[in-house]
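A.B. asks: Next up, query.pdb (PDB, C-alpha atoms).
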```
ATOM      1  CA  MET D 719      82.396 -30.145  69.121
ATOM      2  CA  GLU D 720      85.421 -32.069  67.887
ATOM      3  CA  ASN D 721      84.311 -34.553  65.284
ATOM      4  CA  ASP D 722      87.080 -34.365  62.718
ATOM      5  CA  MET D 723      90.035 -36.678  62.364
ATOM      6  CA  GLY D 724      93.742 -36.162  62.863
ATOM      7  CA  LEU D 725      96.311 -34.349  60.779
ATOM      8  CA  ILE D 726      97.448 -37.404  58.807
ATOM      9  CA  VAL D 727      93.937 -38.312  57.709
ATOM     10  CA  LYS D 728      93.190 -34.707  56.757
ATOM     11  CA  THR D 729      96.342 -34.407  54.656
ATOM     12  CA  MET D 730      95.632 -37.690  52.886
ATOM     13  CA  ALA D 731      92.044 -36.609  52.256
ATOM     14  CA  ARG D 732      93.252 -33.297  50.786
ATOM     15  CA  ALA D 733      95.477 -35.239  48.404
ATOM     16  CA  THR D 734      92.993 -37.933  47.368
ATOM     17  CA  ILE D 735      89.649 -36.095  47.161
ATOM     18  CA  PRO D 736      90.525 -34.288  43.871
ATOM     19  CA  LEU D 737      91.825 -37.516  42.355
ATOM     20  CA  ILE D 738      88.636 -39.379  43.302
ATOM     21  CA  GLY D 739      86.592 -36.551  41.797
ATOM     22  CA  ILE D 740      88.568 -36.596  38.560
ATOM     23  CA  PHE D 741      88.227 -40.361  38.256
ATOM     24  CA  GLY D 742      84.485 -40.150  38.870
ATOM     25  CA  ALA D 743      84.112 -37.422  36.261
ATOM     26  CA  TYR D 744      86.040 -39.603  33.804
ATOM     27  CA  VAL D 745      83.781 -42.582  34.495
ATOM     28  CA  VAL D 746      80.674 -40.418  33.949
ATOM     29  CA  SER D 747      81.831 -38.653  30.793
ATOM     30  CA  HIS D 748      83.161 -41.839  29.153
ATOM     31  CA  GLY D 749      80.131 -43.864  30.200
ATOM     32  CA  HIS D 750      79.211 -44.775  26.621
ATOM     33  CA  LEU D 751      82.747 -45.871  25.701
ATOM     34  CA  THR D 752      84.305 -47.682  28.650
ATOM     35  CA  PRO D 753      82.888 -49.682  31.556
ATOM     36  CA  GLY D 754      80.957 -47.529  33.987
ATOM     37  CA  GLY D 755      78.308 -44.901  33.532
ATOM     38  CA  GLY D 756      76.219 -42.352  35.307
ATOM     39  CA  PHE D 757      75.348 -44.396  38.374
ATOM     40  CA  GLN D 758      78.843 -45.707  38.985
ATOM     41  CA  GLY D 759      80.613 -42.408  38.355
ATOM     42  CA  GLY D 760      78.120 -40.461  40.447
ATOM     43  CA  ALA D 761      78.594 -42.876  43.324
ATOM     44  CA  THR D 762      82.378 -42.478  42.971
ATOM     45  CA  ILE D 763      82.162 -38.677  43.206
ATOM     46  CA  ALA D 764      79.795 -39.034  46.153
ATOM     47  CA  GLY D 765      82.491 -41.175  47.754
ATOM     48  CA  ALA D 766      84.774 -38.133  47.643
ATOM     49  CA  GLY D 767      82.100 -36.157  49.490
ATOM     50  CA  ILE D 768      81.736 -38.901  52.093
ATOM     51  CA  LEU D 769      85.523 -38.907  52.556
ATOM     52  CA  PHE D 770      85.364 -35.158  53.111
ATOM     53  CA  LEU D 771      82.677 -35.591  55.778
ATOM     54  CA  VAL D 772      84.555 -38.389  57.540
ATOM     55  CA  ALA D 773      87.925 -36.643  57.507
ATOM     56  CA  PHE D 774      86.981 -33.032  58.206
ATOM     57  CA  GLY D 775      83.947 -33.530  60.407
ATOM     58  CA  LEU D 776      80.325 -32.517  60.280
ATOM     59  CA  ASN D 777      80.814 -28.839  61.125
ATOM     60  CA  GLU D 778      83.172 -28.265  58.204
ATOM     61  CA  ALA D 779      80.898 -30.197  55.841
ATOM     62  CA  LYS D 780      77.848 -28.211  56.997
ATOM     63  CA  LYS D 781      79.515 -24.955  55.933
ATOM     64  CA  ARG D 782      80.101 -26.200  52.395
ATOM     65  CA  TYR D 783      76.778 -28.017  51.897
ATOM     66  CA  ASP D 784      73.913 -25.949  50.509
ATOM     67  CA  LYS D 785      70.604 -27.789  50.747
ATOM     68  CA  ASN D 786      68.800 -25.679  48.162
ATOM     69  CA  LEU D 787      71.614 -25.908  45.619
ATOM     70  CA  TYR D 788      71.771 -29.685  45.889
ATOM     71  CA  SER D 789      67.973 -30.008  45.629
ATOM     72  CA  VAL D 790      67.958 -27.883  42.485
ATOM     73  CA  LEU D 791      70.836 -29.856  40.952
ATOM     74  CA  GLU D 792      69.150 -33.196  41.646
ATOM     75  CA  GLY D 793      65.902 -32.018  40.104
ATOM     76  CA  LEU D 794      67.828 -30.662  37.138
ATOM     77  CA  GLY D 795      69.531 -34.024  36.619
ATOM     78  CA  GLY D 796      66.240 -35.896  36.674
ATOM     79  CA  LEU D 797      64.584 -33.433  34.342
ATOM     80  CA  ALA D 798      67.511 -33.522  31.898
ATOM     81  CA  PHE D 799      67.278 -37.324  31.874
ATOM     82  CA  LEU D 800      63.549 -37.209  31.154
ATOM     83  CA  GLY D 801      64.015 -34.470  28.555
ATOM     84  CA  ALA D 802      66.680 -36.456  26.714
ATOM     85  CA  ALA D 803      64.350 -39.453  26.739
ATOM     86  CA  MET D 804      61.530 -37.313  25.330
ATOM     87  CA  LEU D 805      63.615 -35.925  22.437
ATOM     88  CA  GLY D 806      62.492 -38.715  20.150
ATOM     89  CA  LEU D 807      58.894 -38.683  21.308
ATOM     90  CA  SER D 808      57.704 -38.338  17.700
ATOM     91  CA  VAL D 809      58.665 -42.001  17.246
ATOM     92  CA  ALA D 810      58.767 -43.508  20.721
ATOM     93  CA  PHE D 811      59.777 -42.764  24.281
ATOM     94  CA  PHE D 812      63.525 -43.423  24.707
ATOM     95  CA  TYR D 813      64.036 -43.318  20.927
ATOM     96  CA  ASN D 814      67.630 -42.260  20.244
ATOM     97  CA  ILE D 815      66.769 -39.696  17.568
ATOM     98  CA  LEU D 816      70.023 -37.739  17.941
ATOM     99  CA  TRP D 817      72.030 -40.730  16.797
ATOM    100  CA  ARG D 818      69.667 -42.289  14.259
ATOM    101  CA  ASP D 819      69.021 -39.063  12.358
ATOM    102  CA  LYS D 820      72.599 -37.791  12.892
ATOM    103  CA  ILE D 821      71.509 -34.511  14.517
ATOM    104  CA  ALA D 822      74.080 -34.090  17.292
ATOM    105  CA  PHE D 823      76.607 -36.238  19.143
ATOM    106  CA  ALA D 824      76.824 -38.329  15.988
ATOM    107  CA  GLY D 825      80.540 -38.874  15.483
ATOM    108  CA  GLN D 826      82.290 -42.154  14.813
ATOM    109  CA  PRO D 827      81.408 -44.867  17.351
ATOM    110  CA  GLY D 828      84.151 -44.837  19.946
ATOM    111  CA  THR D 829      84.717 -41.090  20.023
ATOM    112  CA  LEU D 830      83.561 -38.889  22.882
ATOM    113  CA  LEU D 831      80.886 -37.026  20.873
ATOM    114  CA  SER D 832      78.954 -40.050  19.689
ATOM    115  CA  ALA D 833      76.022 -42.212  20.752
ATOM    116  CA  GLY D 834      73.275 -39.591  20.599
ATOM    117  CA  PHE D 835      71.631 -38.906  23.941
ATOM    118  CA  LEU D 836      73.795 -41.348  25.884
ATOM    119  CA  PRO D 837      76.402 -38.755  27.030
ATOM    120  CA  ILE D 838      73.621 -36.326  28.039
ATOM    121  CA  MET D 839      71.860 -39.047  30.006
ATOM    122  CA  ASN D 840      75.095 -40.160  31.633
ATOM    123  CA  LEU D 841      75.851 -36.620  32.781
ATOM    124  CA  ALA D 842      72.293 -36.128  34.037
ATOM    125  CA  VAL D 843      72.201 -39.423  35.943
ATOM    126  CA  GLY D 844      75.696 -38.809  37.337
ATOM    127  CA  LEU D 845      74.661 -35.394  38.632
ATOM    128  CA  LYS D 846      71.484 -36.830  40.106
ATOM    129  CA  VAL D 847      73.206 -39.731  41.842
ATOM    130  CA  PHE D 848      76.028 -37.536  43.194
ATOM    131  CA  THR D 849      73.751 -34.869  44.677
ATOM    132  CA  GLY D 850      71.260 -37.452  45.890
ATOM    133  CA  LEU D 851      73.819 -39.567  47.717
ATOM    134  CA  VAL D 852      75.499 -36.520  49.265
ATOM    135  CA  SER D 853      72.093 -35.225  50.399
ATOM    136  CA  ALA D 854      71.161 -38.600  51.917
ATOM    137  CA  MET D 855      74.488 -38.801  53.713
ATOM    138  CA  MET D 856      74.164 -35.272  55.081
ATOM    139  CA  ALA D 857      70.627 -36.057  56.240
ATOM    140  CA  ILE D 858      71.819 -39.163  58.067
ATOM    141  CA  ALA D 859      74.752 -37.276  59.603
ATOM    142  CA  LEU D 860      72.731 -34.230  60.664
ATOM    143  CA  PHE D 861      69.587 -35.833  62.068
ATOM    144  CA  ARG D 862      71.061 -38.362  64.467
ATOM    145  CA  ARG D 863      68.322 -39.494  66.838
ATOM    146  CA  TRP D 864      70.235 -41.210  69.594
ATOM    147  CA  LYS D 865      71.013 -39.483  72.875
ATOM    148  CA  LYS D 866      74.532 -38.752  74.029
TER     149      LYS D 866
ATOM    150  CA  MET Q1220      88.523 -76.013  68.959
ATOM    151  CA  ASN Q1221      85.159 -74.486  68.160
ATOM    152  CA  ARG Q1222      86.721 -71.972  65.767
ATOM    153  CA  THR Q1223      88.602 -74.709  63.945
ATOM    154  CA  PHE Q1224      85.424 -76.711  63.615
ATOM    155  CA  GLY Q1225      83.559 -73.676  62.301
ATOM    156  CA  ALA Q1226      86.231 -72.929  59.725
ATOM    157  CA  LEU Q1227      86.264 -76.549  58.565
ATOM    158  CA  ALA Q1228      82.460 -76.531  58.291
ATOM    159  CA  LEU Q1229      82.569 -73.353  56.196
ATOM    160  CA  LEU Q1230      85.203 -74.892  53.939
ATOM    161  CA  PHE Q1231      83.107 -78.054  53.562
ATOM    162  CA  ILE Q1232      79.987 -76.022  52.644
ATOM    163  CA  LEU Q1233      82.004 -74.038  50.104
ATOM    164  CA  GLY Q1234      83.277 -77.238  48.514
ATOM    165  CA  VAL Q1235      79.771 -78.716  48.312
ATOM    166  CA  LEU Q1236      78.503 -75.487  46.722
ATOM    167  CA  LEU Q1237      81.321 -75.531  44.188
ATOM    168  CA  ILE Q1238      80.418 -79.087  43.187
ATOM    169  CA  VAL Q1239      76.654 -78.465  43.127
ATOM    170  CA  ALA Q1240      76.856 -75.218  41.153
ATOM    171  CA  ASN Q1241      79.202 -76.585  38.519
ATOM    172  CA  PRO Q1242      77.364 -76.490  35.204
ATOM    173  CA  GLN Q1243      79.272 -79.513  33.867
ATOM    174  CA  TYR Q1244      77.681 -82.107  36.143
ATOM    175  CA  GLY Q1245      75.843 -80.214  38.898
ATOM    176  CA  LEU Q1246      72.687 -78.115  38.955
ATOM    177  CA  LYS Q1247      71.756 -76.387  35.749
ATOM    178  CA  PHE Q1248      70.027 -73.020  35.946
ATOM    179  CA  GLY Q1249      68.125 -72.735  32.704
ATOM    180  CA  LEU Q1250      69.228 -74.258  29.462
ATOM    181  CA  GLY Q1251      72.730 -75.548  29.149
ATOM    182  CA  GLY Q1252      74.869 -76.121  26.118
ATOM    183  CA  SER Q1253      74.077 -74.385  22.840
ATOM    184  CA  ASP Q1254      70.326 -74.415  23.428
ATOM    185  CA  TRP Q1255      70.427 -70.996  25.072
ATOM    186  CA  GLN Q1256      71.209 -69.245  21.802
ATOM    187  CA  LYS Q1257      67.916 -70.486  20.395
ATOM    188  CA  TYR Q1258      65.826 -69.049  23.235
ATOM    189  CA  ARG Q1259      67.957 -66.147  24.428
ATOM    190  CA  TYR Q1260      68.505 -64.537  21.061
ATOM    191  CA  THR Q1261      68.170 -60.995  22.521
ATOM    192  CA  ASP Q1262      71.668 -61.207  24.036
ATOM    193  CA  GLN Q1263      73.205 -61.843  20.643
ATOM    194  CA  TYR Q1264      71.001 -59.167  19.082
ATOM    195  CA  TYR Q1265      72.245 -56.494  21.470
ATOM    196  CA  ILE Q1266      75.884 -57.476  20.927
ATOM    197  CA  GLU Q1267      75.550 -57.388  17.143
ATOM    198  CA  HIS Q1268      73.303 -54.342  16.639
ATOM    199  CA  GLY Q1269      74.137 -52.206  19.670
ATOM    200  CA  ILE Q1270      76.845 -50.100  18.059
ATOM    201  CA  GLU Q1271      74.939 -49.262  14.877
ATOM    202  CA  GLU Q1272      71.566 -48.663  16.547
ATOM    203  CA  VAL Q1273      72.580 -46.776  19.694
ATOM    204  CA  GLY Q1274      76.148 -45.766  18.943
ATOM    205  CA  GLY Q1275      77.920 -46.488  22.218
ATOM    206  CA  THR Q1276      80.741 -48.986  22.301
ATOM    207  CA  ASN Q1277      79.807 -49.877  25.879
ATOM    208  CA  ILE Q1278      76.999 -52.351  25.248
ATOM    209  CA  VAL Q1279      75.838 -52.237  28.879
ATOM    210  CA  THR Q1280      75.181 -48.499  28.614
ATOM    211  CA  ASP Q1281      73.422 -49.085  25.294
ATOM    212  CA  ILE Q1282      71.074 -51.556  26.967
ATOM    213  CA  VAL Q1283      70.575 -49.610  30.191
ATOM    214  CA  PHE Q1284      69.873 -46.224  28.631
ATOM    215  CA  ASP Q1285      68.247 -47.136  25.330
ATOM    216  CA  TYR Q1286      66.789 -50.640  25.060
ATOM    217  CA  ARG Q1287      65.845 -50.761  28.739
ATOM    218  CA  GLY Q1288      65.358 -47.057  29.367
ATOM    219  CA  TYR Q1289      62.239 -47.466  31.466
ATOM    220  CA  ASP Q1290      64.201 -49.559  33.939
ATOM    221  CA  THR Q1291      66.731 -46.772  34.411
ATOM    222  CA  LEU Q1292      63.935 -44.236  34.830
ATOM    223  CA  GLY Q1293      62.444 -46.383  37.562
ATOM    224  CA  GLU Q1294      65.851 -46.773  39.171
ATOM    225  CA  ALA Q1295      66.310 -42.998  39.324
ATOM    226  CA  THR Q1296      62.832 -42.715  40.840
ATOM    227  CA  VAL Q1297      63.719 -45.342  43.446
ATOM    228  CA  LEU Q1298      66.833 -43.362  44.391
ATOM    229  CA  PHE Q1299      64.824 -40.165  44.740
ATOM    230  CA  THR Q1300      62.147 -41.901  46.806
ATOM    231  CA  ALA Q1301      64.757 -43.468  49.090
ATOM    232  CA  ILE Q1302      66.366 -40.102  49.793
ATOM    233  CA  ALA Q1303      63.001 -38.434  50.368
ATOM    234  CA  GLY Q1304      62.044 -41.236  52.749
ATOM    235  CA  ALA Q1305      65.344 -40.999  54.632
ATOM    236  CA  VAL Q1306      64.981 -37.252  55.103
ATOM    237  CA  ALA Q1307      61.323 -37.558  56.088
ATOM    238  CA  LEU Q1308      62.017 -40.257  58.669
ATOM    239  CA  LEU Q1309      65.217 -38.871  60.139
ATOM    240  CA  ARG Q1310      64.388 -35.200  60.552
ATOM    241  CA  PRO Q1311      63.432 -33.995  64.049
ATOM    242  CA  TRP Q1312      59.817 -34.681  64.878
ATOM    243  CA  ARG Q1313      57.605 -32.344  66.800
ATOM    244  CA  ARG Q1314      57.154 -34.837  69.634
ATOM    245  CA  ASP Q1315      60.930 -35.026  70.200
ATOM    246  CA  GLU Q1316      61.210 -31.281  70.653
ATOM    247  CA  ASP Q1317      58.330 -31.289  73.193
ATOM    248  CA  GLY Q1318      59.901 -34.067  75.224
ATOM    249  CA  GLU Q1319      63.262 -32.368  75.670
TER     250      GLU Q1319
END
```
Written as structure tokens, that's how I'd like the structure from this file.

C.D. replies:
Amino acid sequence: MENDMGLIVKTMARATIPLIGIFGAYVVSHGHLTPGGGFQGGATIAGAGILFLVAFGLNEAKKRYDKNLYSVLEGLGGLAFLGAAMLGLSVAFFYNILWRDKIAFAGQPGTLLSAGFLPIMNLAVGLKVFTGLVSAMMAIALFRRWKK
Amino acid sequence: MNRTFGALALLFILGVLLIVANPQYGLKFGLGGSDWQKYRYTDQYYIEHGIEEVGGTNIVTDIVFDYRGYDTLGEATVLFTAIAGAVALLRPWRRDEDGE
């Protein structure tokens, strides 16, 4: 079944998908320094996946999409988020103990390794949003219910 | 003719909204002037103490992941529930396979 797009769209998608991914990774990893964060960066990377599906078609995307891997990664993101929130459970839930007691990620404010559990949470939420959105999109694309 | 009238009506509504929503002399949502600093002191607190207490220079991330962490947890849960619901509703049902 032909459901991919033409040569021009495919070439443009090949050129832009890595750039979109790099920009999304930048937004996620600098979430505690510059505007953006886990949700926004994860949605940006998921946009690269959606561009792949639109340009190359469902059959090509089905070969590269592993349901079990994406389920595991989404669960891992959620659990890492909860675990980072529970690090300071001796004081309170969501207590930023890494930053207040200067354990790890405790550099100068404004550097990449600062702000305690914020980078960990940004990475976890970015992973969760990326895998979740790609899974939802694949579900919508695979299980179409209308007749031909 | 109809399209011109519609466009003019849209423009008129936009103008009325701009006048009504102007905080100088139109509707006021909440307290205007300098009164808000007396009652909404949390905004100023986050801006002043965010960097030393949480450490991120992006104050929005400080609020979303530290001061209002429960909200973000609920948001992640909502995302998970939405995806689970989409998959559960859209996957092939047993009745569909029998009918075909």

A.B. asks: Which residue out of Q:Gly1234, Q:Gly1293, Q:Gly1288, Q:Gly1269 has the minimum interatomic distance to Phe812 (chain D) when all atoms listed in the file are used?

C.D. replies: Q:Gly1288

A.B. asks: Considering all atoms listed in the file, return as a ChimeraX atom specification whatever protein or nucleic-acid residues lie within 8 Å of region 775-786 of chain D, sequence-local ones (same chain, fewer than 4 positions apart) excluded.

C.D. replies: /D:720-723,770-771,790,853,859-860

A.B. asks: Need the shell around Gly756 (chain D): protein/DNA/RNA residues with any atom at most 6 Å away, counting all atoms listed in the file. Skip same-chain ones fewer than 5 positions apart. Format as a list in words?

C.D. replies: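 Counting only the stated atoms, we get Val746, Asn840, Val843 and Gly844 of chain D.
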
A.B. asks: Using Å and a single decimal, report how far CA of Val772 (chain D) sits from CA of Tyr788 (chain D).

C.D. replies: 19.4 Å

A.B. asks: If the cut-off is 9 Å, can you tell me the residues of chain D near chain Q, counting only C-alpha atoms? I'd like them as a VMD selection string.

C.D. replies: chain D and resid 749 to 755 792 796 799 to 800 803 811 to 814 817 to 818 824 to 829 832 to 836 839 to 840 843 846 to 847 850 to 851 853 to 854 857 to 858 860 to 863

A.B. asks: Rebuild N, CA and C atoms on region 759-770 of chain D, as a PDB file, in the frame of the given file?

C.D. replies:
```pdb
ATOM      1  N   GLY D 759      79.789 -43.606  38.199  1.00  0.00           N
ATOM      2  CA  GLY D 759      80.613 -42.408  38.355  1.00  0.00           C
ATOM      3  C   GLY D 759      80.052 -41.467  39.405  1.00  0.00           C
ATOM      4  N   GLY D 760      78.727 -41.316  39.432  1.00  0.00           N
ATOM      5  CA  GLY D 760      78.120 -40.461  40.447  1.00  0.00           C
ATOM      6  C   GLY D 760      78.379 -40.979  41.844  1.00  0.00           C
ATOM      7  N   ALA D 761      78.308 -42.302  42.006  1.00  0.00           N
ATOM      8  CA  ALA D 761      78.594 -42.876  43.324  1.00  0.00           C
ATOM      9  C   ALA D 761      80.060 -42.668  43.693  1.00  0.00           C
ATOM     10  N   THR D 762      80.955 -42.703  42.690  1.00  0.00           N
ATOM     11  CA  THR D 762      82.378 -42.478  42.971  1.00  0.00           C
ATOM     12  C   THR D 762      82.610 -41.051  43.450  1.00  0.00           C
ATOM     13  N   ILE D 763      81.985 -40.069  42.773  1.00  0.00           N
ATOM     14  CA  ILE D 763      82.162 -38.677  43.206  1.00  0.00           C
ATOM     15  C   ILE D 763      81.539 -38.478  44.583  1.00  0.00           C
ATOM     16  N   ALA D 764      80.404 -39.134  44.827  1.00  0.00           N
ATOM     17  CA  ALA D 764      79.795 -39.034  46.153  1.00  0.00           C
ATOM     18  C   ALA D 764      80.708 -39.632  47.213  1.00  0.00           C
ATOM     19  N   GLY D 765      81.515 -40.643  46.823  1.00  0.00           N
ATOM     20  CA  GLY D 765      82.491 -41.175  47.754  1.00  0.00           C
ATOM     21  C   GLY D 765      83.505 -40.133  48.186  1.00  0.00           C
ATOM     22  N   ALA D 766      83.884 -39.231  47.263  1.00  0.00           N
ATOM     23  CA  ALA D 766      84.774 -38.133  47.643  1.00  0.00           C
ATOM     24  C   ALA D 766      84.106 -37.242  48.682  1.00  0.00           C
ATOM     25  N   GLY D 767      82.812 -36.969  48.502  1.00  0.00           N
ATOM     26  CA  GLY D 767      82.100 -36.157  49.490  1.00  0.00           C
ATOM     27  C   GLY D 767      82.027 -36.840  50.841  1.00  0.00           C
ATOM     28  N   ILE D 768      81.804 -38.166  50.827  1.00  0.00           N
ATOM     29  CA  ILE D 768      81.736 -38.901  52.093  1.00  0.00           C
ATOM     30  C   ILE D 768      83.096 -38.886  52.772  1.00  0.00           C
ATOM     31  N   LEU D 769      84.172 -38.984  51.981  1.00  0.00           N
ATOM     32  CA  LEU D 769      85.523 -38.907  52.556  1.00  0.00           C
ATOM     33  C   LEU D 769      85.755 -37.545  53.189  1.00  0.00           C
ATOM     34  N   PHE D 770      85.242 -36.502  52.532  1.00  0.00           N
ATOM     35  CA  PHE D 770      85.364 -35.158  53.111  1.00  0.00           C
ATOM     36  C   PHE D 770      84.660 -35.093  54.459  1.00  0.00           C
TER      37      PHE D 770
END
```
